$ cat start.tsv   # TSV, C-alpha atoms
chain	number	residue	atom	x	y	z
A	1	GLN	CA	18.85	49.22	-88.69
A	2	LYS	CA	18.02	51.21	-85.56
A	3	GLU	CA	14.91	50.16	-83.66
A	4	VAL	CA	13.43	53.67	-83.86
A	5	GLU	CA	14.20	56.23	-86.57
A	6	GLN	CA	13.30	59.90	-86.28
A	7	ASP	CA	14.29	62.74	-88.58
A	8	PRO	CA	16.32	65.14	-86.43
A	9	GLY	CA	15.28	68.20	-88.45
A	10	PRO	CA	15.63	70.99	-87.58
A	11	LEU	CA	12.12	72.00	-88.55
A	12	SER	CA	11.21	75.68	-88.70
A	13	VAL	CA	7.60	76.81	-89.24
A	14	PRO	CA	5.64	80.06	-88.94
A	15	GLU	CA	3.23	80.54	-86.06
A	16	GLY	CA	-0.17	78.99	-86.80
A	17	ALA	CA	1.20	76.26	-89.09
A	18	ILE	CA	0.29	72.60	-88.80
A	19	VAL	CA	3.33	70.58	-87.80
A	20	SER	CA	3.81	66.91	-88.58
A	21	LEU	CA	6.43	64.89	-86.71
A	22	ASN	CA	7.10	61.25	-87.50
A	23	CYS	CA	8.92	58.13	-86.39
A	24	THR	CA	9.34	54.71	-87.92
A	25	TYR	CA	10.24	51.57	-86.04
A	26	SER	CA	11.33	48.04	-86.80
A	27	ASN	CA	10.29	46.05	-83.70
A	28	SER	CA	6.78	44.65	-84.20
A	29	ALA	CA	6.57	43.93	-80.46
A	30	PHE	CA	6.13	47.62	-79.67
A	31	GLN	CA	2.64	48.26	-78.33
A	32	TYR	CA	2.98	51.47	-76.31
A	33	PHE	CA	3.81	54.70	-78.12
A	34	MET	CA	4.61	58.03	-76.55
A	35	TRP	CA	5.62	61.52	-77.55
A	36	TYR	CA	7.81	63.53	-75.21
A	37	ARG	CA	8.62	67.24	-75.46
A	38	GLN	CA	12.00	68.50	-74.28
A	39	TYR	CA	12.71	72.18	-73.87
A	40	SER	CA	16.31	73.34	-74.02
A	41	ARG	CA	18.26	72.39	-70.87
A	42	LYS	CA	15.27	70.55	-69.38
A	43	GLY	CA	14.24	66.93	-68.97
A	44	PRO	CA	11.70	65.37	-71.34
A	45	GLU	CA	8.01	65.58	-70.38
A	46	LEU	CA	5.27	63.26	-71.60
A	47	LEU	CA	2.92	64.85	-74.14
A	48	MET	CA	0.87	61.99	-75.53
A	49	TYR	CA	0.53	58.27	-74.93
A	50	THR	CA	-1.17	55.76	-77.24
A	51	TYR	CA	-1.67	52.05	-76.89
A	52	SER	CA	-1.61	49.95	-80.09
A	53	SER	CA	-3.03	51.48	-83.27
A	54	GLY	CA	-5.33	54.43	-83.79
A	55	ASN	CA	-5.58	58.14	-83.10
A	56	LYS	CA	-5.62	60.15	-79.92
A	57	GLU	CA	-6.37	63.83	-79.64
A	58	ASP	CA	-5.53	66.23	-76.82
A	59	GLY	CA	-6.19	69.88	-77.54
A	60	ARG	CA	-3.97	70.99	-80.40
A	61	PHE	CA	-2.08	67.69	-80.42
A	62	THR	CA	-3.01	64.50	-82.27
A	63	ALA	CA	-1.04	61.27	-82.10
A	64	GLN	CA	-1.47	58.58	-84.75
A	65	VAL	CA	-0.16	55.03	-84.79
A	66	ASP	CA	-0.14	52.83	-87.87
A	67	LYS	CA	1.19	49.47	-86.76
A	68	SER	CA	0.85	47.92	-90.21
A	69	SER	CA	3.36	50.46	-91.52
A	70	LYS	CA	5.32	50.70	-88.26
A	71	TYR	CA	4.86	54.46	-88.39
A	72	ILE	CA	3.76	56.96	-85.77
A	73	SER	CA	2.99	60.65	-86.10
A	74	LEU	CA	2.37	63.68	-83.93
A	75	PHE	CA	0.41	66.58	-85.40
A	76	ILE	CA	0.41	70.03	-83.82
A	77	ARG	CA	-2.35	72.38	-84.99
A	78	ASP	CA	-2.14	76.16	-84.73
A	79	SER	CA	1.48	75.92	-83.64
A	80	GLN	CA	2.73	78.51	-81.14
A	81	PRO	CA	6.21	79.85	-80.37
A	82	SER	CA	5.90	78.06	-77.00
A	83	ASP	CA	5.83	74.77	-78.94
A	84	SER	CA	9.48	75.34	-79.90
A	85	ALA	CA	11.27	72.35	-78.42
A	86	THR	CA	12.70	68.97	-79.31
A	87	TYR	CA	10.07	66.26	-79.75
A	88	LEU	CA	11.04	62.68	-78.98
A	89	CYS	CA	9.04	59.62	-79.88
A	90	ALA	CA	9.33	56.65	-77.54
A	91	MET	CA	7.96	53.15	-77.59
A	92	SER	CA	7.87	50.00	-75.53
A	93	PRO	CA	6.83	46.37	-75.90
A	94	ARG	CA	3.60	44.96	-74.53
A	95	ARG	CA	2.97	44.71	-70.81
A	96	GLY	CA	4.85	41.82	-69.29
A	97	GLY	CA	7.91	42.53	-71.34
A	98	SER	CA	10.64	44.94	-70.47
A	99	GLU	CA	9.42	48.29	-69.22
A	100	LYS	CA	12.26	50.09	-70.93
A	101	LEU	CA	11.46	52.82	-73.40
A	102	VAL	CA	13.27	53.09	-76.73
A	103	PHE	CA	13.53	56.68	-77.88
A	104	GLY	CA	14.00	58.30	-81.24
A	105	LYS	CA	16.79	60.87	-81.45
A	106	GLY	CA	14.30	63.74	-81.45
A	107	THR	CA	13.19	66.41	-83.93
A	108	LYS	CA	14.03	70.01	-83.09
A	109	LEU	CA	11.10	72.30	-83.85
A	110	THR	CA	11.15	76.09	-84.00
A	111	VAL	CA	7.90	78.03	-84.36
A	112	ASN	CA	8.58	81.57	-85.53
A	113	PRO	CA	6.25	84.40	-84.43
B	1	ASP	CA	8.72	71.06	-62.17
B	2	SER	CA	8.37	67.27	-62.41
B	3	GLY	CA	9.06	66.62	-58.73
B	4	VAL	CA	12.16	64.57	-59.55
B	5	THR	CA	15.39	66.09	-58.27
B	6	GLN	CA	18.90	65.37	-59.45
B	7	THR	CA	22.24	66.49	-58.05
B	8	PRO	CA	24.62	67.84	-59.04
B	9	LYS	CA	23.41	69.92	-62.00
B	10	HIS	CA	26.86	70.07	-63.55
B	11	LEU	CA	29.97	67.96	-63.07
B	12	ILE	CA	33.40	68.45	-64.62
B	13	THR	CA	35.98	65.76	-64.04
B	14	ALA	CA	38.99	64.09	-65.63
B	15	THR	CA	39.42	60.82	-67.46
B	16	GLY	CA	39.90	57.84	-65.18
B	17	GLN	CA	37.94	59.39	-62.34
B	18	ARG	CA	34.77	58.16	-60.62
B	19	VAL	CA	31.60	60.17	-60.00
B	20	THR	CA	28.25	59.58	-58.31
B	21	LEU	CA	25.01	61.07	-59.58
B	22	ARG	CA	22.05	61.25	-57.24
B	23	CYS	CA	18.31	61.14	-57.91
B	24	SER	CA	15.31	61.61	-55.65
B	25	PRO	CA	12.08	60.36	-57.23
B	26	ARG	CA	8.66	61.98	-56.91
B	27	SER	CA	6.95	61.26	-53.63
B	28	GLY	CA	5.20	57.91	-53.87
B	29	ASP	CA	7.03	56.72	-56.99
B	30	LEU	CA	8.65	53.31	-56.61
B	31	SER	CA	10.34	53.02	-60.02
B	32	VAL	CA	13.51	54.89	-60.93
B	33	TYR	CA	15.06	54.90	-64.39
B	34	TRP	CA	18.43	56.21	-65.54
B	35	TYR	CA	19.06	57.51	-69.05
B	36	GLN	CA	22.06	58.91	-70.91
B	37	GLN	CA	21.53	61.57	-73.57
B	38	SER	CA	24.22	62.46	-76.06
B	39	LEU	CA	24.08	64.24	-79.41
B	40	ASP	CA	25.06	61.19	-81.45
B	41	GLN	CA	23.14	58.47	-79.57
B	42	GLY	CA	20.08	60.35	-78.36
B	43	LEU	CA	18.32	59.30	-75.17
B	44	GLN	CA	19.42	55.81	-74.14
B	45	PHE	CA	17.91	53.75	-71.34
B	46	LEU	CA	20.53	52.55	-68.87
B	47	ILE	CA	18.82	50.80	-65.98
B	48	GLN	CA	15.61	50.62	-63.95
B	49	TYR	CA	15.00	49.92	-60.27
B	50	TYR	CA	11.69	49.16	-58.64
B	51	ASN	CA	11.37	49.38	-54.87
B	52	GLY	CA	15.04	48.69	-54.36
B	53	GLU	CA	15.40	45.86	-56.84
B	54	GLU	CA	16.97	45.99	-60.29
B	55	ARG	CA	14.17	45.54	-62.81
B	56	ALA	CA	15.56	46.09	-66.30
B	57	LYS	CA	18.91	46.78	-67.90
B	58	GLY	CA	19.62	48.61	-71.09
B	59	ASN	CA	22.84	49.79	-72.69
B	60	ILE	CA	24.70	50.23	-69.42
B	61	LEU	CA	28.47	49.80	-69.49
B	62	GLU	CA	30.18	47.53	-66.96
B	63	ARG	CA	32.00	50.62	-65.63
B	64	PHE	CA	28.62	52.01	-64.59
B	65	SER	CA	26.53	50.78	-61.68
B	66	ALA	CA	23.45	51.95	-59.87
B	67	GLN	CA	21.43	51.22	-56.77
B	68	GLN	CA	18.18	52.26	-55.16
B	69	PHE	CA	18.14	52.76	-51.41
B	70	PRO	CA	15.39	51.97	-48.88
B	71	ASP	CA	14.24	55.61	-48.97
B	72	LEU	CA	13.87	55.10	-52.77
B	73	HIS	CA	16.51	57.61	-53.82
B	74	SER	CA	18.94	56.25	-56.39
B	75	GLU	CA	22.57	56.74	-57.26
B	76	LEU	CA	24.36	56.13	-60.55
B	77	ASN	CA	28.09	55.48	-60.21
B	78	LEU	CA	30.32	56.06	-63.21
B	79	SER	CA	33.93	54.87	-62.94
B	80	SER	CA	37.09	54.88	-65.07
B	81	LEU	CA	35.55	57.77	-66.93
B	82	GLU	CA	36.32	58.28	-70.61
B	83	LEU	CA	35.85	61.32	-72.84
B	84	GLY	CA	32.91	59.59	-74.50
B	85	ASP	CA	31.02	59.45	-71.20
B	86	SER	CA	30.42	63.20	-71.43
B	87	ALA	CA	26.65	63.51	-71.71
B	88	LEU	CA	23.46	64.51	-69.96
B	89	TYR	CA	22.30	61.92	-67.44
B	90	PHE	CA	18.61	61.88	-66.63
B	91	CYS	CA	16.74	60.16	-63.89
B	92	ALA	CA	13.02	59.48	-64.25
B	93	SER	CA	10.48	58.01	-61.87
B	94	SER	CA	7.06	56.43	-62.13
B	95	VAL	CA	4.52	55.10	-59.66
B	96	GLY	CA	4.73	51.46	-60.70
B	97	LEU	CA	5.82	49.08	-63.39
B	98	GLY	CA	4.74	48.75	-66.97
B	99	PRO	CA	5.32	50.72	-70.14
B	100	GLN	CA	1.99	52.49	-69.71
B	101	GLU	CA	3.25	54.23	-66.57
B	102	THR	CA	4.11	57.88	-67.12
B	103	GLN	CA	7.78	58.53	-66.50
B	104	TYR	CA	8.59	61.91	-64.95
B	105	PHE	CA	12.06	63.16	-65.78
B	106	GLY	CA	14.37	65.20	-63.60
B	107	PRO	CA	16.37	68.19	-64.88
B	108	GLY	CA	19.45	66.09	-65.55
B	109	THR	CA	23.12	66.15	-64.60
B	110	ARG	CA	25.47	67.48	-67.25
B	111	LEU	CA	28.76	65.55	-67.09
B	112	LEU	CA	31.88	66.77	-68.83
B	113	VAL	CA	34.92	64.52	-68.84
B	114	LEU	CA	38.16	66.30	-69.77

$ encode --input "start.tsv" --output "structure tokens"
Amino acid sequence: QKEVEQDPGPLSVPEGAIVSLNCTYSNSAFQYFMWYRQYSRKGPELLMYTYSSGNKEDGRFTAQVDKSSKYISLFIRDSQPSDSATYLCAMSPRRGGSEKLVFGKGTKLTVNP
Amino acid sequence: DSGVTQTPKHLITATGQRVTLRCSPRSGDLSVYWYQQSLDQGLQFLIQYYNGEERAKGNILERFSAQQFPDLHSELNLSSLELGDSALYFCASSVGLGPQETQYFGPGTRLLVL
């Protein structure tokens, strides 16, 4: 079983839709959870960062972590064509462990005008 | 623009050859990370340096090596290249250590091994 599983999609939605992106993981040591956005032919950029369980909101984006289920989600409200990109979840063990990030394979999202 | 630069943008070479990829981190960042991104494996962590010292190793092959120089730029050396090494290679940098540090990614080097 891979450490991080992410449905690769592709996911295609109309403009204005609510998008839900998800990852599951197997390593209970993961404490830091991130979502990166990668536009075509560009490097990933950090969108959201959450420590341990709970929700975090930033504008149209909400990140949720459920450690009991080993499941993380990213919600995008009022999706825009500019949100079309590949979304990668990433996670890392607690501070003091390795700083390396383990990434999901990414979900490709297209928002149609 | 993340502030991380990588050269070259594209590289085409033959099997058995050796190449060097170069990364300049953001000003003030001491940590440099190297990643490989392929369609089948996704984004895989290779190695991390912090202020010139190797800090963490991931799925880096023995044919690959890296170093970080006193001016903090880093190079990733890939030798005895195989077809399967064709991928996007990203460098990222962060200010310090720790998984809570934001990693800023460069634009990547696209390597094609023929």

$ closest_residue --input "start.tsv" --among "A:Ser53, A:Ser20, A:Ser92, A:Ser26" --to "chain B" --atoms "all atoms listed in the file"
A:Ser92

$ residues_around --input "start.tsv" --residues "Gly28 (chain B)" --least-positions-apart "4" --cutoff "12 Å" --atoms "all atoms listed in the file" --output "PyMOL selection string"
chain B and resi 3-4+24+32+50-51+71-73+93-96

$ interface_residues --input "start.tsv" --of "chain A" --to "chain B" --cutoff "10 Å" --atoms "all atoms listed in the file" --output "compact mmCIF listing (two decimals) with C-alpha atoms, keeping the file's coordinate frame"
# COMPACT_ATOMS: atom_id res chain seq x y z
CA GLN A 31 2.64 48.26 -78.33
CA TYR A 32 2.98 51.47 -76.31
CA PHE A 33 3.81 54.70 -78.12
CA MET A 34 4.61 58.03 -76.55
CA ARG A 41 18.26 72.39 -70.87
CA LYS A 42 15.27 70.55 -69.38
CA GLY A 43 14.24 66.93 -68.97
CA PRO A 44 11.70 65.37 -71.34
CA GLU A 45 8.01 65.58 -70.38
CA LEU A 46 5.27 63.26 -71.60
CA LEU A 47 2.92 64.85 -74.14
CA MET A 48 0.87 61.99 -75.53
CA TYR A 49 0.53 58.27 -74.93
CA THR A 50 -1.17 55.76 -77.24
CA TYR A 51 -1.67 52.05 -76.89
CA LEU A 88 11.04 62.68 -78.98
CA ALA A 90 9.33 56.65 -77.54
CA MET A 91 7.96 53.15 -77.59
CA SER A 92 7.87 50.00 -75.53
CA PRO A 93 6.83 46.37 -75.90
CA ARG A 94 3.60 44.96 -74.53
CA ARG A 95 2.97 44.71 -70.81
CA GLY A 96 4.85 41.82 -69.29
CA GLY A 97 7.91 42.53 -71.34
CA SER A 98 10.64 44.94 -70.47
CA GLU A 99 9.42 48.29 -69.22
CA LYS A 100 12.26 50.09 -70.93
CA LEU A 101 11.46 52.82 -73.40
CA VAL A 102 13.27 53.09 -76.73
CA PHE A 103 13.53 56.68 -77.88
CA GLY A 104 14.00 58.30 -81.24
CA LYS A 105 16.79 60.87 -81.45
CA GLY A 106 14.30 63.74 -81.45

$ closest_residue --input "start.tsv" --among "A:Ser12, A:Gln6, A:Gln1, A:Ser73" --to "Asn55 (chain A)" --atoms "only C-alpha atoms"
A:Ser73

$ atom_distance --input "start.tsv" --atom1 "CA of Ile60 (chain B)" --atom2 "CA of Lys108 (chain A)"
26.3 Å

$ decode --input "start.tsv" --residues "region 59-96 of chain A" --atoms "N, CA and C atoms" --output "short mmCIF file (atom, residue, chain, number, x, y, z; two decimals), in the first residue's frame"
data_model
loop_
_atom_site.label_atom_id
_atom_site.label_comp_id
_atom_site.auth_asym_id
_atom_site.auth_seq_id
_atom_site.Cartn_x
_atom_site.Cartn_y
_atom_site.Cartn_z
N GLY A 59 -10.00 32.14 2.00
CA GLY A 59 -10.77 32.58 0.84
C GLY A 59 -11.73 31.51 0.37
N ARG A 60 -11.59 31.11 -0.88
CA ARG A 60 -12.48 30.09 -1.44
C ARG A 60 -12.01 28.67 -1.13
N PHE A 61 -10.90 28.54 -0.46
CA PHE A 61 -10.31 27.22 -0.20
C PHE A 61 -10.48 26.82 1.26
N THR A 62 -10.84 25.56 1.49
CA THR A 62 -10.93 25.00 2.83
C THR A 62 -10.22 23.66 2.84
N ALA A 63 -9.31 23.50 3.80
CA ALA A 63 -8.61 22.23 3.96
C ALA A 63 -9.13 21.56 5.22
N GLN A 64 -9.36 20.26 5.13
CA GLN A 64 -9.84 19.49 6.28
C GLN A 64 -8.92 18.30 6.49
N VAL A 65 -8.66 18.00 7.75
CA VAL A 65 -7.85 16.83 8.10
C VAL A 65 -8.63 16.00 9.11
N ASP A 66 -8.80 14.73 8.83
CA ASP A 66 -9.42 13.80 9.76
C ASP A 66 -8.40 12.70 10.04
N LYS A 67 -7.67 12.87 11.11
CA LYS A 67 -6.59 11.92 11.41
C LYS A 67 -7.13 10.56 11.81
N SER A 68 -8.32 10.52 12.40
CA SER A 68 -8.86 9.22 12.81
C SER A 68 -9.15 8.34 11.60
N SER A 69 -9.51 8.98 10.49
CA SER A 69 -9.79 8.24 9.25
C SER A 69 -8.61 8.26 8.30
N LYS A 70 -7.57 9.00 8.65
CA LYS A 70 -6.40 9.17 7.78
C LYS A 70 -6.85 9.68 6.40
N TYR A 71 -7.54 10.81 6.43
CA TYR A 71 -8.21 11.33 5.24
C TYR A 71 -8.11 12.84 5.26
N ILE A 72 -7.66 13.43 4.14
CA ILE A 72 -7.62 14.88 4.07
C ILE A 72 -8.36 15.34 2.82
N SER A 73 -8.92 16.54 2.90
CA SER A 73 -9.72 17.07 1.79
C SER A 73 -9.37 18.52 1.54
N LEU A 74 -9.56 18.93 0.31
CA LEU A 74 -9.48 20.33 -0.09
C LEU A 74 -10.78 20.66 -0.82
N PHE A 75 -11.48 21.69 -0.33
CA PHE A 75 -12.70 22.14 -0.98
C PHE A 75 -12.43 23.50 -1.65
N ILE A 76 -12.92 23.62 -2.86
CA ILE A 76 -12.82 24.89 -3.58
C ILE A 76 -14.25 25.35 -3.86
N ARG A 77 -14.60 26.52 -3.30
CA ARG A 77 -15.94 27.06 -3.54
C ARG A 77 -15.90 28.01 -4.74
N ASP A 78 -17.05 28.14 -5.39
CA ASP A 78 -17.15 29.07 -6.52
C ASP A 78 -15.94 28.92 -7.46
N SER A 79 -15.74 27.71 -7.94
CA SER A 79 -14.55 27.42 -8.73
C SER A 79 -14.50 28.29 -10.00
N GLN A 80 -13.29 28.66 -10.37
CA GLN A 80 -13.02 29.54 -11.51
C GLN A 80 -12.15 28.82 -12.54
N PRO A 81 -12.24 29.22 -13.80
CA PRO A 81 -11.36 28.61 -14.81
C PRO A 81 -9.88 28.71 -14.43
N SER A 82 -9.51 29.76 -13.69
CA SER A 82 -8.11 29.91 -13.27
C SER A 82 -7.70 28.87 -12.22
N ASP A 83 -8.68 28.14 -11.67
CA ASP A 83 -8.37 27.06 -10.73
C ASP A 83 -7.95 25.77 -11.46
N SER A 84 -8.08 25.76 -12.78
CA SER A 84 -7.70 24.58 -13.56
C SER A 84 -6.21 24.31 -13.40
N ALA A 85 -5.89 23.19 -12.81
CA ALA A 85 -4.51 22.84 -12.49
C ALA A 85 -4.51 21.41 -11.92
N THR A 86 -3.33 20.94 -11.60
CA THR A 86 -3.22 19.68 -10.88
C THR A 86 -2.99 19.99 -9.40
N TYR A 87 -3.77 19.34 -8.55
CA TYR A 87 -3.68 19.58 -7.10
C TYR A 87 -3.02 18.37 -6.43
N LEU A 88 -1.96 18.65 -5.71
CA LEU A 88 -1.19 17.60 -5.05
C LEU A 88 -1.33 17.73 -3.55
N CYS A 89 -1.68 16.63 -2.88
CA CYS A 89 -1.60 16.66 -1.43
C CYS A 89 -0.19 16.23 -1.03
N ALA A 90 0.25 16.70 0.13
CA ALA A 90 1.58 16.34 0.62
C ALA A 90 1.51 16.27 2.14
N MET A 91 2.33 15.44 2.71
CA MET A 91 2.32 15.32 4.16
C MET A 91 3.69 14.93 4.68
N SER A 92 3.87 15.17 5.99
CA SER A 92 5.17 14.97 6.58
C SER A 92 5.01 14.60 8.05
N PRO A 93 5.95 13.84 8.59
CA PRO A 93 5.86 13.48 10.00
C PRO A 93 6.06 14.68 10.93
N ARG A 94 5.94 14.44 12.21
CA ARG A 94 6.05 15.52 13.19
C ARG A 94 7.45 16.11 13.17
N ARG A 95 7.54 17.31 13.71
CA ARG A 95 8.82 18.02 13.78
C ARG A 95 9.81 17.16 14.54
N GLY A 96 11.01 17.13 14.09
CA GLY A 96 12.04 16.31 14.72
C GLY A 96 12.26 15.04 13.94
#
